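Novice: The following file, input-v4.cif, comprises mmCIF, C-alpha atoms:
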```cif
data_my_file
#
loop_
_atom_site.group_PDB
_atom_site.id
_atom_site.type_symbol
_atom_site.label_atom_id
_atom_site.label_comp_id
_atom_site.auth_asym_id
_atom_site.auth_seq_id
_atom_site.Cartn_x
_atom_site.Cartn_y
_atom_site.Cartn_z
ATOM 1 C CA MET A 1 0.000 0.000 0.000
ATOM 2 C CA PRO A 2 1.364 3.491 -0.777
ATOM 3 C CA ILE A 3 2.417 5.170 2.431
ATOM 4 C CA ASP A 4 0.008 8.136 2.089
ATOM 5 C CA ALA A 5 -3.059 5.931 1.783
ATOM 6 C CA TYR A 6 -1.712 3.782 4.599
ATOM 7 C CA TYR A 7 -1.392 6.733 6.981
ATOM 8 C CA ARG A 8 -4.810 8.014 5.961
ATOM 9 C CA SER A 9 -6.385 4.637 6.753
ATOM 10 C CA TYR A 10 -4.816 4.748 10.219
ATOM 11 C CA LEU A 11 -6.033 8.320 10.682
ATOM 12 C CA GLN A 12 -9.523 6.829 10.709
ATOM 13 C CA VAL A 13 -8.469 4.281 13.330
ATOM 14 C CA ALA A 14 -6.988 7.076 15.443
ATOM 15 C CA ALA A 15 -10.166 9.154 15.040
ATOM 16 C CA VAL A 16 -12.364 6.288 16.238
ATOM 17 C CA GLY A 17 -9.999 5.643 19.140
ATOM 18 C CA LEU A 18 -10.013 9.302 20.199
ATOM 19 C CA LEU A 19 -13.797 9.395 19.901
ATOM 20 C CA GLY A 20 -14.050 6.359 22.160
ATOM 21 C CA LEU A 21 -11.697 7.892 24.716
ATOM 22 C CA GLY A 22 -13.638 11.158 24.572
ATOM 23 C CA LEU A 23 -16.950 9.387 25.099
ATOM 24 C CA PHE A 24 -15.517 7.446 28.041
ATOM 25 C CA GLY A 25 -13.997 10.591 29.535
ATOM 26 C CA ALA A 26 -17.188 12.579 29.065
ATOM 27 C CA MET A 27 -19.313 9.940 30.783
ATOM 28 C CA ILE A 28 -16.959 9.491 33.729
ATOM 29 C CA GLY A 29 -16.369 13.246 33.982
ATOM 30 C CA LEU A 30 -20.077 14.066 33.862
ATOM 31 C CA ALA A 31 -20.766 11.475 36.529
ATOM 32 C CA LYS A 32 -18.025 13.016 38.691
ATOM 33 C CA VAL A 33 -19.527 16.481 38.282
ATOM 34 C CA LEU A 34 -23.180 15.594 38.678
ATOM 35 C CA GLN A 35 -23.221 12.964 41.411
ATOM 36 C CA PRO A 36 -23.784 13.916 45.048
ATOM 37 C CA ARG A 37 -20.962 12.426 47.096
ATOM 38 C CA ARG A 38 -21.934 11.313 50.550
ATOM 39 C CA LEU A 39 -19.764 8.300 51.264
ATOM 40 C CA SER A 40 -20.149 6.041 54.240
ATOM 41 C CA ASP A 41 -18.330 2.893 55.269
ATOM 42 C CA LEU A 42 -21.255 0.724 54.275
ATOM 43 C CA LYS A 43 -21.593 2.335 50.849
ATOM 44 C CA SER A 44 -17.948 1.923 49.949
ATOM 45 C CA SER A 45 -17.774 -1.720 50.948
ATOM 46 C CA ILE A 46 -17.563 -4.175 48.058
ATOM 47 C CA TYR A 47 -20.886 -5.862 48.758
ATOM 48 C CA GLU A 48 -23.539 -3.670 50.226
ATOM 49 C CA CYS A 49 -25.538 -6.725 51.065
ATOM 50 C CA GLY A 50 -24.564 -10.361 51.298
ATOM 51 C CA VAL A 51 -21.568 -12.040 52.848
ATOM 52 C CA GLU A 52 -18.935 -9.723 54.271
ATOM 53 C CA PRO A 53 -15.579 -10.042 52.516
ATOM 54 C CA LEU A 54 -12.963 -11.806 54.624
ATOM 55 C CA GLY A 55 -9.183 -11.669 54.517
ATOM 56 C CA ASP A 56 -6.819 -9.939 52.128
ATOM 57 C CA GLU A 57 -7.896 -8.985 48.623
ATOM 58 C CA TRP A 58 -4.720 -10.519 47.318
ATOM 59 C CA SER A 59 -4.508 -14.282 47.194
ATOM 60 C CA GLN A 60 -1.837 -16.490 45.766
ATOM 61 C CA SER A 61 -3.087 -18.402 42.753
ATOM 62 C CA GLN A 62 -2.248 -21.958 41.811
ATOM 63 C CA VAL A 63 0.798 -22.758 39.737
ATOM 64 C CA ARG A 64 -1.249 -24.816 37.285
ATOM 65 C CA TYR A 65 -2.794 -21.664 35.858
ATOM 66 C CA TYR A 66 0.695 -20.667 34.793
ATOM 67 C CA VAL A 67 1.066 -23.671 32.489
ATOM 68 C CA PHE A 68 -2.095 -22.648 30.688
ATOM 69 C CA ALA A 69 -0.769 -19.115 30.280
ATOM 70 C CA LEU A 70 2.470 -20.529 28.836
ATOM 71 C CA LEU A 71 0.542 -22.794 26.451
ATOM 72 C CA PHE A 72 -1.481 -19.770 25.411
ATOM 73 C CA VAL A 73 1.685 -17.824 24.531
ATOM 74 C CA VAL A 74 3.044 -20.671 22.392
ATOM 75 C CA PHE A 75 -0.171 -21.178 20.449
ATOM 76 C CA ASP A 76 -0.648 -17.427 20.142
ATOM 77 C CA VAL A 77 2.675 -17.251 18.315
ATOM 78 C CA GLU A 78 1.602 -20.201 16.171
ATOM 79 C CA ALA A 79 -1.599 -18.362 15.209
ATOM 80 C CA ILE A 80 0.461 -15.308 14.230
ATOM 81 C CA PHE A 81 2.325 -17.426 11.682
ATOM 82 C CA VAL A 82 -0.883 -18.843 10.260
ATOM 83 C CA PHE A 83 -2.352 -15.406 9.433
ATOM 84 C CA PRO A 84 -0.021 -14.383 6.556
ATOM 85 C CA TRP A 85 -0.423 -17.834 5.054
ATOM 86 C CA ALA A 86 -4.214 -17.737 5.323
ATOM 87 C CA VAL A 87 -4.431 -14.336 3.608
ATOM 88 C CA ILE A 88 -2.854 -15.626 0.382
ATOM 89 C CA MET A 89 -3.705 -19.314 0.616
ATOM 90 C CA GLY A 90 -5.851 -19.216 -2.524
ATOM 91 C CA THR A 91 -3.049 -17.940 -4.738
ATOM 92 C CA LEU A 92 -0.403 -20.372 -3.542
ATOM 93 C CA SER A 93 0.494 -23.822 -4.799
ATOM 94 C CA TRP A 94 -0.069 -27.082 -2.943
ATOM 95 C CA ALA A 95 3.444 -26.882 -1.573
ATOM 96 C CA ALA A 96 2.395 -24.034 0.725
ATOM 97 C CA LEU A 97 -0.385 -26.170 2.170
ATOM 98 C CA VAL A 98 2.091 -28.965 2.851
ATOM 99 C CA GLU A 99 4.455 -26.489 4.506
ATOM 100 C CA MET A 100 1.706 -25.267 6.815
ATOM 101 C CA VAL A 101 0.605 -28.828 7.640
ATOM 102 C CA ILE A 102 4.189 -29.684 8.650
ATOM 103 C CA PHE A 103 4.310 -26.531 10.792
ATOM 104 C CA ILE A 104 1.062 -27.378 12.559
ATOM 105 C CA LEU A 105 1.956 -31.062 12.956
ATOM 106 C CA ILE A 106 5.194 -30.172 14.755
ATOM 107 C CA LEU A 107 3.177 -28.014 17.144
ATOM 108 C CA ALA A 108 0.605 -30.766 17.516
ATOM 109 C CA VAL A 109 3.473 -32.828 18.921
ATOM 110 C CA ALA A 110 3.848 -30.097 21.547
ATOM 111 C CA LEU A 111 0.177 -30.359 22.407
ATOM 112 C CA LEU A 112 0.453 -34.141 22.563
ATOM 113 C CA TYR A 113 3.424 -33.782 24.912
ATOM 114 C CA ALA A 114 1.391 -31.498 27.155
ATOM 115 C CA VAL A 115 -1.497 -33.961 27.212
ATOM 116 C CA ARG A 116 0.742 -36.958 27.898
ATOM 117 C CA LYS A 117 2.503 -35.094 30.717
ATOM 118 C CA GLY A 118 -0.877 -34.482 32.264
ATOM 119 C CA VAL A 119 -0.580 -30.713 32.514
ATOM 120 C CA LEU A 120 -3.923 -30.228 30.797
ATOM 121 C CA ARG A 121 -5.715 -32.370 33.368
ATOM 122 C CA TRP A 122 -7.554 -30.370 35.960
ATOM 123 C CA ILE A 123 -7.880 -31.883 39.396
ATOM 124 C CA MET B 1 5.642 14.607 6.414
ATOM 125 C CA VAL B 2 4.527 16.417 9.541
ATOM 126 C CA GLY B 3 1.707 14.187 10.764
ATOM 127 C CA PRO B 4 3.722 11.002 11.376
ATOM 128 C CA ASN B 5 6.450 13.081 13.052
ATOM 129 C CA ILE B 6 3.995 14.613 15.502
ATOM 130 C CA ALA B 7 2.523 11.163 16.169
ATOM 131 C CA PHE B 8 6.024 9.783 16.753
ATOM 132 C CA TRP B 9 6.880 12.431 19.347
ATOM 133 C CA ILE B 10 3.615 11.959 21.228
ATOM 134 C CA ILE B 11 4.127 8.172 21.294
ATOM 135 C CA ALA B 12 7.800 8.506 22.240
ATOM 136 C CA LEU B 13 7.064 10.869 25.140
ATOM 137 C CA VAL B 14 4.283 8.640 26.493
ATOM 138 C CA MET B 15 6.601 5.613 26.190
ATOM 139 C CA ALA B 16 9.454 7.377 27.967
ATOM 140 C CA TYR B 17 7.181 8.466 30.811
ATOM 141 C CA ALA B 18 5.702 4.957 31.153
ATOM 142 C CA GLY B 19 9.180 3.433 31.037
ATOM 143 C CA VAL B 20 10.405 5.623 33.890
ATOM 144 C CA ARG B 21 7.272 4.924 35.934
ATOM 145 C CA LEU B 22 7.692 1.195 35.207
ATOM 146 C CA VAL B 23 10.959 1.055 37.126
ATOM 147 C CA THR B 24 10.100 3.592 39.814
ATOM 148 C CA THR B 25 6.608 2.485 40.831
ATOM 149 C CA ARG B 26 6.290 0.666 44.152
ATOM 150 C CA ASN B 27 3.407 -1.511 43.033
ATOM 151 C CA VAL B 28 4.244 -4.650 41.033
ATOM 152 C CA VAL B 29 0.886 -4.779 39.263
ATOM 153 C CA HIS B 30 1.186 -1.139 38.239
ATOM 154 C CA ALA B 31 4.638 -1.940 36.857
ATOM 155 C CA ALA B 32 3.076 -4.649 34.646
ATOM 156 C CA LEU B 33 0.451 -2.177 33.432
ATOM 157 C CA TYR B 34 3.094 0.455 32.652
ATOM 158 C CA LEU B 35 4.941 -2.240 30.719
ATOM 159 C CA MET B 36 1.751 -2.674 28.716
ATOM 160 C CA ILE B 37 1.784 1.037 27.801
ATOM 161 C CA VAL B 38 5.412 0.782 26.673
ATOM 162 C CA LEU B 39 4.603 -2.269 24.516
ATOM 163 C CA ALA B 40 1.565 -0.536 23.015
ATOM 164 C CA GLY B 41 3.818 2.407 22.143
ATOM 165 C CA THR B 42 6.223 0.024 20.431
ATOM 166 C CA ALA B 43 3.323 -1.373 18.409
ATOM 167 C CA ALA B 44 2.278 2.152 17.440
ATOM 168 C CA ILE B 45 5.820 2.939 16.257
ATOM 169 C CA PHE B 46 5.871 -0.244 14.159
ATOM 170 C CA LEU B 47 2.603 0.905 12.598
ATOM 171 C CA LEU B 48 4.104 4.344 11.932
ATOM 172 C CA LEU B 49 6.991 2.693 10.109
ATOM 173 C CA GLY B 50 4.580 0.876 7.815
ATOM 174 C CA ALA B 51 5.132 -2.533 9.426
ATOM 175 C CA GLU B 52 1.470 -3.268 9.885
ATOM 176 C CA PHE B 53 1.714 -6.981 10.584
ATOM 177 C CA LEU B 54 4.562 -6.552 13.042
ATOM 178 C CA GLY B 55 2.639 -3.859 14.901
ATOM 179 C CA TRP B 56 -0.456 -5.973 15.350
ATOM 180 C CA THR B 57 1.668 -9.000 16.232
ATOM 181 C CA GLN B 58 3.138 -6.870 19.003
ATOM 182 C CA VAL B 59 -0.378 -6.146 20.253
ATOM 183 C CA LEU B 60 -1.531 -9.774 20.032
ATOM 184 C CA VAL B 61 1.515 -11.503 21.460
ATOM 185 C CA TYR B 62 3.050 -8.994 23.839
ATOM 186 C CA ILE B 63 0.025 -7.164 25.192
ATOM 187 C CA GLY B 64 -2.268 -10.159 24.823
ATOM 188 C CA ALA B 65 -0.029 -12.913 26.124
ATOM 189 C CA ILE B 66 3.246 -11.751 27.665
ATOM 190 C CA VAL B 67 1.652 -9.215 30.004
ATOM 191 C CA VAL B 68 -0.842 -11.901 31.083
ATOM 192 C CA LEU B 69 2.153 -14.113 31.821
ATOM 193 C CA PHE B 70 3.727 -11.342 33.928
ATOM 194 C CA LEU B 71 0.502 -10.796 35.849
ATOM 195 C CA PHE B 72 0.242 -14.533 36.459
ATOM 196 C CA GLY B 73 3.824 -14.523 37.667
ATOM 197 C CA VAL B 74 2.980 -11.754 40.118
ATOM 198 C CA MET B 75 -0.099 -13.605 41.299
ATOM 199 C CA LEU B 76 1.836 -16.838 41.797
ATOM 200 C CA THR B 77 4.422 -15.294 44.056
ATOM 201 C CA ARG B 78 3.641 -14.145 47.529
ATOM 202 C CA ALA B 79 3.902 -10.537 46.418
ATOM 203 C CA THR B 80 1.393 -8.363 48.164
ATOM 204 C CA TYR B 81 -0.809 -6.035 46.250
ATOM 205 C CA GLY B 82 -0.149 -2.378 46.939
ATOM 206 C CA GLU B 83 3.003 -0.720 48.158
ATOM 207 C CA SER B 84 5.891 -3.068 48.664
ATOM 208 C CA LYS B 85 9.210 -2.034 50.068
ATOM 209 C CA GLY B 86 11.479 -4.770 48.752
ATOM 210 C CA LEU B 87 11.383 -3.775 45.083
ATOM 211 C CA ASP B 88 14.614 -1.801 45.128
ATOM 212 C CA ASN B 89 18.024 -3.368 45.368
ATOM 213 C CA ASP B 90 21.597 -2.151 45.320
ATOM 214 C CA GLN B 91 22.276 -2.793 41.638
ATOM 215 C CA ARG B 92 21.698 0.761 40.470
ATOM 216 C CA VAL B 93 25.243 1.346 39.234
ATOM 217 C CA LEU B 94 25.292 -1.980 37.370
ATOM 218 C CA ALA B 95 21.841 -1.305 35.905
ATOM 219 C CA ALA B 96 22.873 2.167 34.758
ATOM 220 C CA THR B 97 26.038 0.732 33.151
ATOM 221 C CA VAL B 98 24.032 -1.911 31.286
ATOM 222 C CA ALA B 99 21.494 0.711 30.180
ATOM 223 C CA VAL B 100 24.237 2.987 28.818
ATOM 224 C CA ILE B 101 25.888 0.069 26.974
ATOM 225 C CA VAL B 102 22.580 -1.023 25.437
ATOM 226 C CA PHE B 103 21.906 2.568 24.383
ATOM 227 C CA LEU B 104 25.341 2.824 22.765
ATOM 228 C CA VAL B 105 24.870 -0.461 20.886
ATOM 229 C CA PHE B 106 21.482 0.629 19.518
ATOM 230 C CA ALA B 107 22.685 4.127 18.698
ATOM 231 C CA GLY B 108 25.732 2.675 16.942
ATOM 232 C CA ALA B 109 23.619 0.251 14.918
ATOM 233 C CA MET B 110 21.310 3.081 13.839
ATOM 234 C CA TRP B 111 24.190 5.358 12.975
ATOM 235 C CA LYS B 112 25.741 2.595 10.899
ATOM 236 C CA ALA B 113 22.475 1.961 9.076
ATOM 237 C CA PHE B 114 21.306 5.508 8.410
ATOM 238 C CA GLY B 115 24.340 7.733 9.013
ATOM 239 C CA ALA B 116 23.689 11.431 9.310
ATOM 240 C CA SER B 117 20.540 11.449 7.188
ATOM 241 C CA THR B 118 17.738 12.772 9.372
ATOM 242 C CA GLU B 119 14.888 11.872 7.065
ATOM 243 C CA ILE B 120 13.833 8.325 6.406
ATOM 244 C CA VAL B 121 11.604 8.153 3.362
ATOM 245 C CA LEU B 122 8.990 5.407 3.369
ATOM 246 C CA GLU B 123 7.524 4.621 -0.009
ATOM 247 C CA LYS B 124 4.934 2.066 0.952
ATOM 248 C CA SER B 125 3.820 -0.133 3.804
ATOM 249 C CA THR B 126 4.341 -3.894 3.856
ATOM 250 C CA THR B 127 1.123 -5.819 3.435
ATOM 251 C CA VAL B 128 0.376 -9.149 5.042
ATOM 252 C CA SER B 129 0.027 -10.893 1.683
ATOM 253 C CA GLU B 130 3.526 -9.813 0.627
ATOM 254 C CA LEU B 131 4.806 -11.106 3.924
ATOM 255 C CA GLY B 132 2.951 -14.406 3.514
ATOM 256 C CA ARG B 133 4.260 -14.898 -0.012
ATOM 257 C CA ASP B 134 7.810 -14.274 1.146
ATOM 258 C CA LEU B 135 7.387 -16.589 4.117
ATOM 259 C CA MET B 136 6.018 -19.413 1.975
ATOM 260 C CA THR B 137 8.553 -19.152 -0.864
ATOM 261 C CA ASN B 138 11.876 -17.670 0.248
ATOM 262 C CA TRP B 139 11.843 -18.404 3.964
ATOM 263 C CA VAL B 140 10.283 -21.866 4.223
ATOM 264 C CA LEU B 141 13.107 -23.424 6.214
ATOM 265 C CA PRO B 142 13.278 -20.683 8.881
ATOM 266 C CA PHE B 143 9.487 -20.862 9.031
ATOM 267 C CA GLU B 144 9.574 -24.586 9.828
ATOM 268 C CA ALA B 145 12.440 -23.991 12.248
ATOM 269 C CA VAL B 146 10.184 -21.586 14.143
ATOM 270 C CA SER B 147 7.793 -24.438 14.891
ATOM 271 C CA LEU B 148 10.688 -26.449 16.345
ATOM 272 C CA VAL B 149 11.717 -23.469 18.480
ATOM 273 C CA LEU B 150 8.134 -23.185 19.739
ATOM 274 C CA LEU B 151 8.062 -26.926 20.450
ATOM 275 C CA ALA B 152 11.308 -26.704 22.428
ATOM 276 C CA SER B 153 10.093 -23.673 24.387
ATOM 277 C CA LEU B 154 6.851 -25.412 25.276
ATOM 278 C CA ILE B 155 8.610 -28.551 26.464
ATOM 279 C CA GLY B 156 10.965 -26.392 28.530
ATOM 280 C CA ALA B 157 8.063 -24.483 30.018
ATOM 281 C CA ILE B 158 6.216 -27.656 30.965
ATOM 282 C CA THR B 159 9.359 -29.123 32.492
ATOM 283 C CA LEU B 160 9.848 -26.014 34.606
ATOM 284 C CA ALA B 161 6.258 -25.402 35.641
ATOM 285 C CA ARG B 162 5.164 -28.968 36.309
ATOM 286 C CA ARG B 163 5.577 -30.631 39.655
ATOM 287 C CA ASP B 164 7.643 -33.644 38.654
ATOM 288 C CA ASP B 165 6.928 -35.983 41.501
ATOM 289 C CA PRO B 166 6.289 -39.536 40.233
ATOM 290 C CA GLU B 167 4.898 -40.737 43.546
ATOM 291 C CA HIS B 168 2.452 -37.878 43.611
ATOM 292 C CA VAL B 169 1.276 -38.667 40.114
ATOM 293 C CA ARG B 170 0.825 -42.367 40.932
ATOM 294 C CA ASP B 171 -1.223 -41.510 44.017
ATOM 295 C CA ARG B 172 -3.467 -39.319 41.968
ATOM 296 C CA GLY B 173 -3.855 -42.110 39.434
ATOM 297 C CA VAL B 174 -5.056 -44.507 42.148
ATOM 298 C CA GLU B 175 -7.500 -41.934 43.418
ATOM 299 C CA ARG B 176 -9.156 -41.753 40.075
#
```
Can you present the structure in this file as structure tokens?
Specialist:
Amino acid sequence: MPIDAYYRSYLQVAAVGLLGLGLFGAMIGLAKVLQPRRLSDLKSSIYECGVEPLGDEWSQSQVRYYVFALLFVVFDVEAIFVFPWAVIMGTLSWAALVEMVIFILILAVALLYAVRKGVLRWI
Amino acid sequence: MVGPNIAFWIIALVMAYAGVRLVTTRNVVHAALYLMIVLAGTAAIFLLLGAEFLGWTQVLVYIGAIVVLFLFGVMLTRATYGESKGLDNDQRVLAATVAVIVFLVFAGAMWKAFGASTEIVLEKSTTVSELGRDLMTNWVLPFEAVSLVLLASLIGAITLARRDDPEHVRDRGVER
């Protein structure tokens, strides 16, 4: 794409983004200006009714979540490599399809490894 | 062109501010969120340079996945939310030295590439289809090597994150 048209297309993206930020700011700002503020302990508690929150708001989470996050990163990167192939798949020869199948098969081995090691099993 | 230059300076200033706050904030979670701003700025600069795919990859992988990983890392440790005192250590001189060296390496690389010319002229942006065609024809072998790198990284991650206690696993198997 010529660089001028490219920048112009992103000008639209920037305009929509700024509009969204402005809308958000206007709503929050208006609420700040208009609302009466009479805070009490009960009002600022997390649950006005129901069970009272106990303990610290910060709890240590389980290490098994971390494996899922790591798996997500790996397959996220895989997906990134599939996109450019998918865009032009129709114009490519069969060789490209074979290349992508090899790529995905190698990563399927990774998934198989994860399954066999039992990290995907939730107790 | 004036527009991209103005955009660059706005992005660069926001990134610099977020970068300084990232290392000075006393709250670990805030540090991760400042890191997100820095990464978003990097993505915006990639977009400014006409590297559309790279910019959105930065958003998807770094903001979408790496920051999540950092937040998980924070949540896994016994770090307390809010102000924590133990974030500073006595490595300031070493850190400053490393920062200066990294700056010199980058500055040197840029000087070598572009010399004294202050204006970089971009003719066109790289489209995803051009990238895909190149990847599938000229760079097939590196492309397949990437999958092996990903495989190795995943196996390493599982090895590190998994509790490798055979007895424990056997017990669990009996329970089922």
Novice: As a count of residues only, could you give me every residue of chain B near chain A (at most 9 Å apart, counting only C-alpha atoms)?
Specialist: 57
Novice: Can you work out the spacing between atom CA of Ile37 of chain B and atom CA of Ala18 of chain B in Å, to one decimal?
Specialist: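 These atoms are spaced 6.5 Å apart.
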Novice: Could you jot down the atom CA of Gly156 of chain B to atom CA of Leu112 of chain A separation for me, Å, one decimal place?
Specialist: 14.4 Å
Novice: One number please: atom CA of Val16 of chain A to atom CA of Ile28 of chain A, in Å, one decimal.
Specialist: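 So the two atoms, atom CA of Val16 of chain A and atom CA of Ile28 of chain A, lie 18.4 Å apart.
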Novice: Have a look at B:Ala107, B:Ala96, B:Val67, B:Ile45 and name the one nearest to Asn5 of chain B; count all atoms listed in the file.
Specialist: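 The closest residue to Asn5 of chain B is B:Ile45.
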Novice: When you count all atoms listed in the file, which of these residues is closest to Ala7 of chain B: B:Leu22, B:Met36, B:Leu49, B:Val28?
Specialist: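 Distance minimum relative to Ala7 of chain B lands on B:Leu49.
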Novice: Pick out the residues sitting within 12 Å of Leu54 of chain A, and hand them over as a ChimeraX atom specification; count only C-alpha atoms, and ignore anything fewer than 6 positions along from it in its own chain.
Specialist: /A:45-47
Novice: Give me, as a ChimeraX atom specification, all polymer residues having an atom no more than 9 Å from Val38 of chain B, counting all atoms listed in the file and skipping those fewer than 2 positions away in the same chain.
Specialist: /B:14-19,22,33-36,40-43
